[in-house]
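Structure first, then comments.
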Amino acid sequence: MRALTFTAAAATLALLAAGSPAASQPPPATGAACSADAALLGFSDQLDKTTFEGTAVAGLSAVAFNRPGERPFALVDNIGTTPARMYELDLAANSAAVKDVITLTRPDGTPYTGADFDGEGLVVEASARYAWASSETEPSIRRFRLRDGRQVDELPVPARFRVAPAGEAVRNQTFEALTLSPNGRDLYAGMEGALAADGPGRNRVLHYRDSQLVGQYAYQPDAGLGLVELTALGDDQLLALERGFTPGVGNTVRVYRVSATGVPDVTDTASLGTLNDPRAFLGKQLLFDLGACPASGATAKQPQPNPLLDNVEGMALGAELPGGRRALHLISDDNGSATQITRTYTFSVQLRAEARLLSRAILSATAYQPGPVSGTQLSTAPVNGISAPFPGQPIPGFSAVLQGKDGRLLAMPDNGFGTKGNSADFLLRAYDITPRYHQHEVKVNGFISFADPDHKVPFPLTRPDRLLTGADFDIESMARDARGDLWLGEEFGPYLIRTDPNGKVLQAPIPLPDGGKSPQSPDLKPGEEPTVRGGRGFEALAVSADGWTLYPILEGPKTDDPDQRRRIVYEFDVKANAYTSRTWSLRVDSPELVVGDAAVLDGRRLVFIERDNEMGRASRIKRLVVTDLDQVGADGYLPRRTAVDLMRIADPRELSGPARPGEYGVGPLFSFPLQSVETVLPLGGDRVLVANDNNFPGNDGRIPGRADDTELIVIEVPGLRDR
């Protein structure tokens with residue numbers, strides 16, 4: 001094979017926002033919402049069961065464009081023994097037609113046919129003179145001259161990717177996906193299924209640069225789905241199309257944002273089944289599920305969860321649209337079947353840059369503060385190298401942080417050691433701190449103590465001096481109102497607690513308006529069943545921009561809620577000193593996930609933490625999600641948009657380093673794999689601060705066997721405040 005450069009073959013895969021009557025007009029920028037970042041602009045079945053110049057327009061497995069808004073092409077897979085071919089199309093949001101057919105031939109001019117060429121992936125060069133096509137038969141990646149369809153080159157494919165028995169691949173599960181990056185140098189070929197040695201659900205993506213194979217990535221499709229297309233966005237970012245089919249139910253079609261930032265080369269990994277670090281796989285985040293789009297008048301020829309669905313296999317990114325959005329085109333493969341449809345789809349999508357680490361500061365786990373010896377009710381057995389009791393008051397991480405002056409923060413730990421029974425010697429405080437990001441350290445300037453000298457709390461406290469302890473309250477969230485008073489969200493009640501700026505309790509704790517109580521509530525009557533699980537109270541407390549409205553959010557579900565994914569958002573009127581009658585329902589992705597904190601971005605839009613309870617390599621879900629209290633859906637739930645995956649933050653300048661021995665999650669791909677991510681604080685623009693509660697000394701998510709420090713990170717989240 002002669003040496004090639006993909007620069008000469010540079011292609012920008014783009015949606016042609018054109019049709020025969022209005023070729024120069026872009027598609028509309030609004031449409032039927034499929035997700036917060038995707039809307040259906042239109043679809044067309046006009047190609048279905050048609051013919052062109054004696055050929056069946058069927059089995060369209062890929063769509064590609066030479067340049068945005070110019071010439072679209074579609075590739076046929078393997079319709080019987082008919083000649084292998086591709087079509088040039090006219091496309092618009094609600095129409096589609098064939099303009100030309102190109103038969104694909106061997107170098108000697110004899111046609112490939114469906115018997116020896118199963119076309120699945122397509123890249124068209126910017127000049128529209130050449131195209132790359134992948135075939136699942138061998139598999140192969142070949143370059144064709146479009147003026148006559150003749151093959152002119154072919155890329156090398158590692159032997160193990162050959163279909164068994166020649167290699168480890170499964171027939172019809174090979175190079176379904178093919179894409180070229182905007183720089184014209186990087187070509188990616190994605191396997192629809194897994195190699196035998198890798199096991200189901202562990203696919204590989206081959207990475208070529210300037211015609212040379214330079215690496216492989218590991219990719220995990222959703223259970224029961226295959227990887228059927230990739231679209232390169234540049235800067236190690238892609239889109240992935242996943243598709244599956246269940247007889248009697250229909251198709252599942254999902255489009256994901258995919259990131260290769262910091263992901264290792266797995267060429268030398270004999271089996272992907274040996275990978276135990278999720279960071280070893282390409283990162284992915286759902287852009288939209290086609291089944292969630294409005295049906296928009298579509299009909300189906302077989303059972304489908306949504307009649308809009310069919311066997312979608314092709315995807316191409318298109319021209320810029322108003323509002324910074326992009327056009328995206330999908331196409332379905334009817335397999336020449338009477339029960340399937342050839343359908344084209346046009347979407348408007350928002351594609352933001354990936355989140356980036358701006359700074360990181362660390363407070364040592366053993367930065368003991370003045371005060372009595374603590375941890376006397378804990379076991380003396382070492383935990384992560386630390387034994388109780390402790391010489392003073394530890395800072396067991398931060399469950400809430402408020403902005404102060406001159407770069408200072410007011411940062412609040414929770415109840416200390418986790419329960420009423422072991423935290424009587426832990427004093428409830430909020431610390432005045434200064435993050436020194438350039439030194440990767442945190443300076444503790446002082447603290448305020450929470451206390452009840454005026455006997456506002458109606459039940460007995462632990463200490464005669466009425467300093468509050470972790471046996472009295474489990475404070476987890478904090479807000480400052482328009483008067484400067486502090487409000488604490490608490491979990492034992494759960495209660496709202498109001499204090500003055502110096503921590504003095506100003507009134508009796510305020511219980512839930514619906515009578516909800518936790519097992520630890522002092523108000524729980526004998527024989528009364530708690531409806532709030534222990535440790536699942538007010539972990540999150542947001543305050544309106546004017547400081548007169550609080551939004552406390554339950555960390556977990558009510559025990560009697562039939563929807564265990566629901567998290568209730570309450571509204572508290574500070575002036576009236578009372579809850580309003582309004583509540584909202586927020587739905588997390590799965591029942592075991594919790595809401596770790598929340599803050600107002602603007603108006604009544606909130607950013608909140610959604611997390612699992614894992615740490616280190618076991619961490620899967622630590623994310624920031626944006627919602628809007630003014631946009632309740634037809635199902636009664638708030639909308640949600642994932643703003644950033646905290647396990648996948650780009651760190652191109654490696655500000656998180658240098659890595660300490662055994663440290664997990666630092667480097668070009670930075671992760672926040674700490675169990676209790678419990679603080680989010682918008683800082684202005686797209687910047688946000690995130691911090692952890694380290695559950696001292698029990699967590700070791702960063703360095704196994706070493707108690708986690710408290711970490712404060714500032715990240716840039718592009719589009720954080722987008723509507």
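Ordering of the structure tokens sets the chain letters (A, B, ...); residue numbers start at 1 within each chain; ligands are numbered from 1 in the order shown.
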Check the DSSP output for the backbone and give back, as a PDB file with all heavy atoms, in the first residue's frame, the residues of segment 386-415 of chain A in strand (DSSP E).
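Written file, part.pdb:
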```
ATOM      1  N   ALA A 400     -20.751  21.769  52.879  1.00  0.00           N
ATOM      2  CA  ALA A 400     -21.311  23.004  52.326  1.00  0.00           C
ATOM      3  C   ALA A 400     -20.235  24.070  52.335  1.00  0.00           C
ATOM      4  O   ALA A 400     -19.397  24.115  53.240  1.00  0.00           O
ATOM      5  CB  ALA A 400     -22.521  23.466  53.131  1.00  0.00           C
ATOM      6  N   VAL A 401     -20.263  24.939  51.333  1.00  0.00           N
ATOM      7  CA  VAL A 401     -19.305  26.043  51.229  1.00  0.00           C
ATOM      8  C   VAL A 401     -20.045  27.278  50.731  1.00  0.00           C
ATOM      9  O   VAL A 401     -20.823  27.205  49.774  1.00  0.00           O
ATOM     10  CB  VAL A 401     -18.145  25.698  50.270  1.00  0.00           C
ATOM     11  CG1 VAL A 401     -17.282  26.925  50.011  1.00  0.00           C
ATOM     12  CG2 VAL A 401     -17.282  24.578  50.840  1.00  0.00           C
ATOM     13  N   LEU A 402     -19.782  28.429  51.388  1.00  0.00           N
ATOM     14  CA  LEU A 402     -20.327  29.711  50.959  1.00  0.00           C
ATOM     15  C   LEU A 402     -19.181  30.661  50.641  1.00  0.00           C
ATOM     16  O   LEU A 402     -18.098  30.562  51.224  1.00  0.00           O
ATOM     17  CB  LEU A 402     -21.201  30.332  52.058  1.00  0.00           C
ATOM     18  CG  LEU A 402     -22.399  29.521  52.556  1.00  0.00           C
ATOM     19  CD1 LEU A 402     -23.121  30.285  53.661  1.00  0.00           C
ATOM     20  CD2 LEU A 402     -23.348  29.211  51.411  1.00  0.00           C
ATOM     21  N   GLN A 403     -19.438  31.575  49.708  1.00  0.00           N
ATOM     22  CA  GLN A 403     -18.421  32.553  49.366  1.00  0.00           C
ATOM     23  C   GLN A 403     -18.286  33.590  50.461  1.00  0.00           C
ATOM     24  O   GLN A 403     -19.268  34.033  51.061  1.00  0.00           O
ATOM     25  CB  GLN A 403     -18.756  33.232  48.042  1.00  0.00           C
ATOM     26  CG  GLN A 403     -18.397  32.404  46.820  1.00  0.00           C
ATOM     27  CD  GLN A 403     -18.544  33.184  45.536  1.00  0.00           C
ATOM     28  OE1 GLN A 403     -19.612  33.680  45.221  1.00  0.00           O
ATOM     29  NE2 GLN A 403     -17.462  33.286  44.772  1.00  0.00           N
ATOM     30  N   LEU A 409     -13.629  31.487  52.001  1.00  0.00           N
ATOM     31  CA  LEU A 409     -14.833  30.683  51.960  1.00  0.00           C
ATOM     32  C   LEU A 409     -15.255  30.338  53.375  1.00  0.00           C
ATOM     33  O   LEU A 409     -14.412  30.219  54.275  1.00  0.00           O
ATOM     34  CB  LEU A 409     -14.597  29.383  51.182  1.00  0.00           C
ATOM     35  CG  LEU A 409     -14.124  29.508  49.728  1.00  0.00           C
ATOM     36  CD1 LEU A 409     -13.723  28.137  49.193  1.00  0.00           C
ATOM     37  CD2 LEU A 409     -15.210  30.122  48.854  1.00  0.00           C
ATOM     38  N   LEU A 410     -16.544  30.182  53.579  1.00  0.00           N
ATOM     39  CA  LEU A 410     -17.063  29.642  54.832  1.00  0.00           C
ATOM     40  C   LEU A 410     -17.462  28.207  54.543  1.00  0.00           C
ATOM     41  O   LEU A 410     -18.385  27.949  53.756  1.00  0.00           O
ATOM     42  CB  LEU A 410     -18.265  30.452  55.322  1.00  0.00           C
ATOM     43  CG  LEU A 410     -18.800  30.060  56.701  1.00  0.00           C
ATOM     44  CD1 LEU A 410     -17.757  30.332  57.791  1.00  0.00           C
ATOM     45  CD2 LEU A 410     -20.100  30.791  57.017  1.00  0.00           C
ATOM     46  N   ALA A 411     -16.748  27.252  55.131  1.00  0.00           N
ATOM     47  CA  ALA A 411     -16.881  25.837  54.782  1.00  0.00           C
ATOM     48  C   ALA A 411     -17.313  25.037  56.006  1.00  0.00           C
ATOM     49  O   ALA A 411     -16.692  25.132  57.064  1.00  0.00           O
ATOM     50  CB  ALA A 411     -15.563  25.302  54.245  1.00  0.00           C
ATOM     51  N   MET A 412     -18.370  24.251  55.843  1.00  0.00           N
ATOM     52  CA  MET A 412     -18.983  23.562  56.980  1.00  0.00           C
ATOM     53  C   MET A 412     -18.857  22.044  56.871  1.00  0.00           C
ATOM     54  O   MET A 412     -19.307  21.447  55.897  1.00  0.00           O
ATOM     55  CB  MET A 412     -20.469  23.932  57.052  1.00  0.00           C
ATOM     56  CG  MET A 412     -21.201  23.377  58.253  1.00  0.00           C
ATOM     57  SD  MET A 412     -22.987  23.655  58.123  1.00  0.00           S
ATOM     58  CE  MET A 412     -23.440  22.366  56.924  1.00  0.00           C
TER      59      MET A 412
END
```
Can you write out as CSV which residues of segment 165-202 of chain A fall within 10 Å of segment 310-330 of chain A, alongside each residue's closest atom pair and its distance in Å to one decimal, counting only C-alpha atoms and ordering rows by chain and ascending residue number?
```
residue,atom,partner,partner_atom,distance
A:Glu176,CA,A:Glu313,CA,8.2
A:Ala177,CA,A:Gly314,CA,8.4
A:Leu178,CA,A:Gly314,CA,9.8
A:Thr179,CA,A:Ala316,CA,9.0
```
Note to self: If I take atom CA of Ala58 of chain A and atom CA of Phe144 of chain A, how far is one from the other in Å, to one decimal?
What the structure shows: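 Going from atom CA of Ala58 of chain A over to atom CA of Phe144 of chain A, I get 20.6 Å.
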Find the residues near segment 686-690 of chain A: any atom within 10 Å, counting only C-alpha atoms, skip ones fewer than 5 places away on the same chain, and give them as an mmCIF file with all heavy atoms, in the first residue's frame.
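Saved file selection21.cif follows:
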```cif
data_model
loop_
_atom_site.group_PDB
_atom_site.id
_atom_site.type_symbol
_atom_site.label_atom_id
_atom_site.label_comp_id
_atom_site.auth_asym_id
_atom_site.auth_seq_id
_atom_site.Cartn_x
_atom_site.Cartn_y
_atom_site.Cartn_z
ATOM 1 N N ALA A 355 -15.439 19.777 30.056
ATOM 2 C CA ALA A 355 -15.074 20.496 31.271
ATOM 3 C C ALA A 355 -13.568 20.413 31.493
ATOM 4 O O ALA A 355 -12.918 19.422 31.146
ATOM 5 C CB ALA A 355 -15.823 19.921 32.467
ATOM 6 N N ARG A 356 -13.016 21.466 32.122
ATOM 7 C CA ARG A 356 -11.569 21.555 32.294
ATOM 8 C C ARG A 356 -11.240 21.963 33.724
ATOM 9 O O ARG A 356 -11.876 22.849 34.303
ATOM 10 C CB ARG A 356 -11.016 22.577 31.299
ATOM 11 C CG ARG A 356 -9.521 22.758 31.304
ATOM 12 C CD ARG A 356 -9.094 23.568 30.084
ATOM 13 N NE ARG A 356 -9.713 24.889 30.075
ATOM 14 C CZ ARG A 356 -9.129 25.983 30.577
ATOM 15 N NH1 ARG A 356 -7.937 25.908 31.116
ATOM 16 N NH2 ARG A 356 -9.756 27.151 30.509
ATOM 17 N N LEU A 357 -10.236 21.298 34.303
ATOM 18 C CA LEU A 357 -9.795 21.638 35.651
ATOM 19 C C LEU A 357 -9.018 22.947 35.627
ATOM 20 O O LEU A 357 -8.084 23.114 34.837
ATOM 21 C CB LEU A 357 -8.911 20.520 36.210
ATOM 22 C CG LEU A 357 -8.429 20.702 37.657
ATOM 23 C CD1 LEU A 357 -9.595 20.566 38.629
ATOM 24 C CD2 LEU A 357 -7.329 19.706 37.997
ATOM 25 N N LEU A 358 -9.407 23.888 36.513
ATOM 26 C CA LEU A 358 -8.723 25.171 36.611
ATOM 27 C C LEU A 358 -7.798 25.239 37.812
ATOM 28 O O LEU A 358 -6.760 25.900 37.763
ATOM 29 C CB LEU A 358 -9.738 26.315 36.687
ATOM 30 C CG LEU A 358 -10.668 26.494 35.480
ATOM 31 C CD1 LEU A 358 -11.608 27.668 35.720
ATOM 32 C CD2 LEU A 358 -9.862 26.700 34.205
ATOM 33 N N SER A 359 -8.163 24.579 38.906
ATOM 34 C CA SER A 359 -7.321 24.623 40.102
ATOM 35 C C SER A 359 -7.765 23.551 41.086
ATOM 36 O O SER A 359 -8.883 23.028 41.007
ATOM 37 C CB SER A 359 -7.364 26.012 40.758
ATOM 38 O OG SER A 359 -8.700 26.441 40.941
ATOM 39 N N ARG A 360 -6.855 23.249 42.013
ATOM 40 C CA ARG A 360 -7.103 22.215 43.025
ATOM 41 C C ARG A 360 -6.349 22.583 44.295
ATOM 42 O O ARG A 360 -5.166 22.925 44.248
ATOM 43 C CB ARG A 360 -6.624 20.854 42.517
ATOM 44 C CG ARG A 360 -6.827 19.680 43.466
ATOM 45 C CD ARG A 360 -6.119 18.453 42.909
ATOM 46 N NE ARG A 360 -6.366 17.244 43.687
ATOM 47 C CZ ARG A 360 -5.515 16.212 43.740
ATOM 48 N NH1 ARG A 360 -4.370 16.245 43.066
ATOM 49 N NH2 ARG A 360 -5.805 15.151 44.459
ATOM 50 N N PHE A 398 -15.958 18.845 53.785
ATOM 51 C CA PHE A 398 -16.931 19.930 53.767
ATOM 52 C C PHE A 398 -18.214 19.468 53.088
ATOM 53 O O PHE A 398 -18.187 18.958 51.968
ATOM 54 C CB PHE A 398 -16.368 21.150 53.057
ATOM 55 C CG PHE A 398 -15.178 21.764 53.745
ATOM 56 C CD1 PHE A 398 -14.038 22.096 53.034
ATOM 57 C CD2 PHE A 398 -15.199 21.997 55.109
ATOM 58 C CE1 PHE A 398 -12.939 22.654 53.668
ATOM 59 C CE2 PHE A 398 -14.107 22.557 55.760
ATOM 60 C CZ PHE A 398 -12.970 22.882 55.034
ATOM 61 N N ALA A 400 -20.751 21.769 52.879
ATOM 62 C CA ALA A 400 -21.311 23.004 52.326
ATOM 63 C C ALA A 400 -20.235 24.070 52.335
ATOM 64 O O ALA A 400 -19.397 24.115 53.240
ATOM 65 C CB ALA A 400 -22.521 23.466 53.131
ATOM 66 N N VAL A 401 -20.263 24.939 51.333
ATOM 67 C CA VAL A 401 -19.305 26.043 51.229
ATOM 68 C C VAL A 401 -20.045 27.278 50.731
ATOM 69 O O VAL A 401 -20.823 27.205 49.774
ATOM 70 C CB VAL A 401 -18.145 25.698 50.270
ATOM 71 C CG1 VAL A 401 -17.282 26.925 50.011
ATOM 72 C CG2 VAL A 401 -17.282 24.578 50.840
ATOM 73 N N ASP A 597 -25.739 18.072 46.859
ATOM 74 C CA ASP A 597 -25.807 19.501 47.165
ATOM 75 C C ASP A 597 -26.504 20.178 45.998
ATOM 76 O O ASP A 597 -26.703 19.568 44.931
ATOM 77 C CB ASP A 597 -24.408 20.091 47.377
ATOM 78 C CG ASP A 597 -24.440 21.471 48.021
ATOM 79 O OD1 ASP A 597 -25.485 21.841 48.586
ATOM 80 O OD2 ASP A 597 -23.422 22.189 47.965
ATOM 81 N N VAL A 607 -28.156 23.985 39.896
ATOM 82 C CA VAL A 607 -27.180 22.950 39.584
ATOM 83 C C VAL A 607 -27.076 22.080 40.832
ATOM 84 O O VAL A 607 -26.995 22.594 41.949
ATOM 85 C CB VAL A 607 -25.815 23.539 39.185
ATOM 86 C CG1 VAL A 607 -25.229 24.437 40.265
ATOM 87 C CG2 VAL A 607 -24.835 22.412 38.837
ATOM 88 N N ILE A 609 -25.639 18.142 42.629
ATOM 89 C CA ILE A 609 -24.747 16.986 42.569
ATOM 90 C C ILE A 609 -25.583 15.716 42.607
ATOM 91 O O ILE A 609 -26.442 15.554 43.486
ATOM 92 C CB ILE A 609 -23.763 16.976 43.756
ATOM 93 C CG1 ILE A 609 -22.836 18.192 43.703
ATOM 94 C CG2 ILE A 609 -22.940 15.682 43.765
ATOM 95 C CD1 ILE A 609 -22.007 18.374 44.959
ATOM 96 N N LEU A 624 -22.508 16.792 37.900
ATOM 97 C CA LEU A 624 -23.295 17.996 38.126
ATOM 98 C C LEU A 624 -24.403 18.029 37.093
ATOM 99 O O LEU A 624 -24.164 17.819 35.896
ATOM 100 C CB LEU A 624 -22.434 19.245 37.994
ATOM 101 C CG LEU A 624 -21.249 19.399 38.947
ATOM 102 C CD1 LEU A 624 -20.571 20.750 38.730
ATOM 103 C CD2 LEU A 624 -21.670 19.239 40.398
ATOM 104 N N LEU A 646 -17.947 14.364 36.765
ATOM 105 C CA LEU A 646 -16.814 14.679 37.632
ATOM 106 C C LEU A 646 -15.748 13.594 37.626
ATOM 107 O O LEU A 646 -14.650 13.797 38.174
ATOM 108 C CB LEU A 646 -17.302 14.923 39.060
ATOM 109 C CG LEU A 646 -18.217 16.136 39.241
ATOM 110 C CD1 LEU A 646 -18.760 16.192 40.663
ATOM 111 C CD2 LEU A 646 -17.493 17.433 38.897
ATOM 112 N N PHE A 672 -12.739 12.884 40.172
ATOM 113 C CA PHE A 672 -13.069 13.208 41.564
ATOM 114 C C PHE A 672 -13.733 11.966 42.168
ATOM 115 O O PHE A 672 -14.949 11.944 42.394
ATOM 116 C CB PHE A 672 -14.003 14.416 41.599
ATOM 117 C CG PHE A 672 -13.856 15.268 42.837
ATOM 118 C CD1 PHE A 672 -12.641 15.842 43.159
ATOM 119 C CD2 PHE A 672 -14.939 15.508 43.663
ATOM 120 C CE1 PHE A 672 -12.507 16.647 44.290
ATOM 121 C CE2 PHE A 672 -14.824 16.302 44.789
ATOM 122 C CZ PHE A 672 -13.596 16.876 45.105
ATOM 123 N N VAL A 677 -19.205 13.404 47.497
ATOM 124 C CA VAL A 677 -19.072 14.712 46.834
ATOM 125 C C VAL A 677 -20.287 15.514 47.268
ATOM 126 O O VAL A 677 -21.410 15.231 46.854
ATOM 127 C CB VAL A 677 -19.007 14.556 45.307
ATOM 128 C CG1 VAL A 677 -18.768 15.914 44.650
ATOM 129 C CG2 VAL A 677 -17.917 13.567 44.921
ATOM 130 N N GLU A 678 -20.076 16.532 48.107
ATOM 131 C CA GLU A 678 -21.209 17.138 48.805
ATOM 132 C C GLU A 678 -21.250 18.659 48.733
ATOM 133 O O GLU A 678 -22.072 19.271 49.415
ATOM 134 C CB GLU A 678 -21.219 16.690 50.274
ATOM 135 C CG GLU A 678 -21.457 15.188 50.422
ATOM 136 C CD GLU A 678 -21.733 14.766 51.851
ATOM 137 O OE1 GLU A 678 -21.629 15.616 52.758
ATOM 138 O OE2 GLU A 678 -22.063 13.578 52.058
ATOM 139 N N THR A 679 -20.408 19.259 47.919
ATOM 140 C CA THR A 679 -20.410 20.714 47.841
ATOM 141 C C THR A 679 -20.314 21.171 46.395
ATOM 142 O O THR A 679 -19.406 20.738 45.673
ATOM 143 C CB THR A 679 -19.225 21.309 48.632
ATOM 144 O OG1 THR A 679 -19.395 21.029 50.013
ATOM 145 C CG2 THR A 679 -19.144 22.810 48.431
ATOM 146 N N VAL A 680 -21.245 22.038 45.980
ATOM 147 C CA VAL A 680 -21.146 22.708 44.689
ATOM 148 C C VAL A 680 -21.426 24.182 44.918
ATOM 149 O O VAL A 680 -22.385 24.551 45.603
ATOM 150 C CB VAL A 680 -22.107 22.104 43.646
ATOM 151 C CG1 VAL A 680 -23.566 22.197 44.092
ATOM 152 C CG2 VAL A 680 -21.922 22.787 42.301
ATOM 153 N N LEU A 681 -20.546 25.033 44.354
ATOM 154 C CA LEU A 681 -20.675 26.473 44.535
ATOM 155 C C LEU A 681 -20.351 27.174 43.220
ATOM 156 O O LEU A 681 -19.192 27.214 42.803
ATOM 157 C CB LEU A 681 -19.712 26.962 45.632
ATOM 158 C CG LEU A 681 -19.666 28.474 45.869
ATOM 159 C CD1 LEU A 681 -20.994 28.975 46.415
ATOM 160 C CD2 LEU A 681 -18.517 28.835 46.818
ATOM 161 N N GLU A 711 -10.657 17.931 49.375
ATOM 162 C CA GLU A 711 -10.215 18.555 48.136
ATOM 163 C C GLU A 711 -11.231 19.595 47.682
ATOM 164 O O GLU A 711 -12.439 19.357 47.717
ATOM 165 C CB GLU A 711 -10.030 17.511 47.038
ATOM 166 C CG GLU A 711 -8.998 16.448 47.374
ATOM 167 C CD GLU A 711 -8.701 15.533 46.195
ATOM 168 O OE1 GLU A 711 -8.923 15.956 45.032
ATOM 169 O OE2 GLU A 711 -8.250 14.398 46.432
ATOM 170 N N LEU A 712 -10.724 20.734 47.255
ATOM 171 C CA LEU A 712 -11.541 21.766 46.636
ATOM 172 C C LEU A 712 -11.013 21.961 45.221
ATOM 173 O O LEU A 712 -9.827 22.264 45.036
ATOM 174 C CB LEU A 712 -11.470 23.082 47.407
ATOM 175 C CG LEU A 712 -12.037 23.080 48.831
ATOM 176 C CD1 LEU A 712 -10.947 22.746 49.841
ATOM 177 C CD2 LEU A 712 -12.659 24.429 49.166
ATOM 178 N N ILE A 713 -11.870 21.764 44.235
ATOM 179 C CA ILE A 713 -11.465 21.950 42.848
ATOM 180 C C ILE A 713 -12.337 23.017 42.205
ATOM 181 O O ILE A 713 -13.510 23.177 42.551
ATOM 182 C CB ILE A 713 -11.543 20.639 42.038
ATOM 183 C CG1 ILE A 713 -12.976 20.091 42.007
ATOM 184 C CG2 ILE A 713 -10.567 19.605 42.583
ATOM 185 C CD1 ILE A 713 -13.167 18.909 41.056
ATOM 186 N N VAL A 714 -11.746 23.761 41.300
ATOM 187 C CA VAL A 714 -12.490 24.714 40.481
ATOM 188 C C VAL A 714 -12.419 24.209 39.050
ATOM 189 O O VAL A 714 -11.329 23.924 38.537
ATOM 190 C CB VAL A 714 -11.915 26.135 40.587
ATOM 191 C CG1 VAL A 714 -12.668 27.086 39.656
ATOM 192 C CG2 VAL A 714 -11.992 26.633 42.024
ATOM 193 N N ILE A 715 -13.560 24.073 38.430
ATOM 194 C CA ILE A 715 -13.613 23.574 37.058
ATOM 195 C C ILE A 715 -14.385 24.550 36.183
ATOM 196 O O ILE A 715 -15.285 25.250 36.646
ATOM 197 C CB ILE A 715 -14.242 22.161 36.978
ATOM 198 C CG1 ILE A 715 -15.588 22.112 37.678
ATOM 199 C CG2 ILE A 715 -13.317 21.118 37.540
ATOM 200 C CD1 ILE A 715 -16.244 20.744 37.646
ATOM 201 N N GLU A 716 -13.978 24.578 34.928
ATOM 202 C CA GLU A 716 -14.703 25.351 33.930
ATOM 203 C C GLU A 716 -15.643 24.402 33.210
ATOM 204 O O GLU A 716 -15.210 23.387 32.660
ATOM 205 C CB GLU A 716 -13.738 25.982 32.934
ATOM 206 C CG GLU A 716 -14.416 26.826 31.866
ATOM 207 C CD GLU A 716 -13.421 27.390 30.875
ATOM 208 O OE1 GLU A 716 -12.555 26.631 30.394
ATOM 209 O OE2 GLU A 716 -13.503 28.594 30.593
ATOM 210 N N VAL A 717 -16.931 24.721 33.228
ATOM 211 C CA VAL A 717 -17.954 23.875 32.629
ATOM 212 C C VAL A 717 -18.597 24.652 31.486
ATOM 213 O O VAL A 717 -19.533 25.427 31.702
ATOM 214 C CB VAL A 717 -19.016 23.455 33.667
ATOM 215 C CG1 VAL A 717 -20.016 22.485 33.044
ATOM 216 C CG2 VAL A 717 -18.359 22.827 34.896
ATOM 217 N N PRO A 718 -18.100 24.499 30.261
ATOM 218 C CA PRO A 718 -18.659 25.262 29.143
ATOM 219 C C PRO A 718 -20.173 25.065 29.022
ATOM 220 O O PRO A 718 -20.679 23.950 29.078
ATOM 221 C CB PRO A 718 -17.929 24.680 27.931
ATOM 222 C CG PRO A 718 -16.624 24.205 28.477
ATOM 223 C CD PRO A 718 -16.964 23.662 29.843
ATOM 224 N N GLY A 719 -20.875 26.177 28.902
ATOM 225 C CA GLY A 719 -22.328 26.106 28.771
ATOM 226 C C GLY A 719 -23.055 25.820 30.060
ATOM 227 O O GLY A 719 -24.241 25.480 30.035
ATOM 228 N N LEU A 720 -22.386 25.974 31.197
ATOM 229 C CA LEU A 720 -23.032 25.697 32.485
ATOM 230 C C LEU A 720 -24.345 26.447 32.619
ATOM 231 O O LEU A 720 -25.343 25.902 33.093
ATOM 232 C CB LEU A 720 -22.096 26.086 33.631
ATOM 233 C CG LEU A 720 -22.677 25.981 35.048
ATOM 234 C CD1 LEU A 720 -22.957 24.534 35.407
ATOM 235 C CD2 LEU A 720 -21.720 26.615 36.066
ATOM 236 N N ARG A 721 -24.370 27.688 32.175
ATOM 237 C CA ARG A 721 -25.559 28.531 32.343
ATOM 238 C C ARG A 721 -26.422 28.608 31.089
ATOM 239 O O ARG A 721 -27.353 29.417 31.031
ATOM 240 C CB ARG A 721 -25.134 29.932 32.790
ATOM 241 C CG ARG A 721 -24.413 29.935 34.130
ATOM 242 C CD ARG A 721 -23.873 31.307 34.490
ATOM 243 N NE ARG A 721 -23.078 31.252 35.707
ATOM 244 C CZ ARG A 721 -23.584 31.401 36.940
ATOM 245 N NH1 ARG A 721 -24.869 31.617 37.096
ATOM 246 N NH2 ARG A 721 -22.798 31.324 38.000
ATOM 247 N N ASP A 722 -26.119 27.768 30.100
ATOM 248 C CA ASP A 722 -26.947 27.752 28.895
ATOM 249 C C ASP A 722 -28.380 27.376 29.230
ATOM 250 O O ASP A 722 -28.629 26.519 30.082
ATOM 251 C CB ASP A 722 -26.407 26.733 27.886
ATOM 252 C CG ASP A 722 -25.156 27.227 27.194
ATOM 253 O OD1 ASP A 722 -24.750 28.373 27.446
ATOM 254 O OD2 ASP A 722 -24.582 26.445 26.411
#
```
Next item on the list: Just give me the gap between atom CA of Gly114 of chain A and atom CA of Ser332 of chain A in Å, one decimal is fine.
Entry: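 Taking atom CA of Gly114 of chain A as the start and atom CA of Ser332 of chain A as the end point, the length is 18.1 Å.
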Next item on the list: Extract, using only C-alpha atoms, all DNA, RNA and protein residues at most 10 Å from Ala166 of chain A, discarding same-chain residues fewer than 6 positions from it, and format them as JSON, numbers by chain.
Entry: {"A": [138, 159, 160]}
Grab the residues selected above and save them as a compact mmCIF listing (two decimals), in the first residue's frame with N, CA, C and O atoms.
```txt
# COMPACT_ATOMS: atom_id res chain seq x y z
N GLU A 138 -14.74 -8.81 5.93
CA GLU A 138 -13.42 -9.36 6.25
C GLU A 138 -12.96 -9.12 7.70
O GLU A 138 -12.41 -10.07 8.28
N ALA A 159 -4.67 -8.75 12.46
CA ALA A 159 -5.18 -10.10 12.20
C ALA A 159 -6.28 -10.51 13.16
O ALA A 159 -7.24 -11.19 12.77
N ARG A 160 -6.19 -10.10 14.43
CA ARG A 160 -7.18 -10.56 15.40
C ARG A 160 -8.57 -9.97 15.14
O ARG A 160 -9.57 -10.45 15.67
```
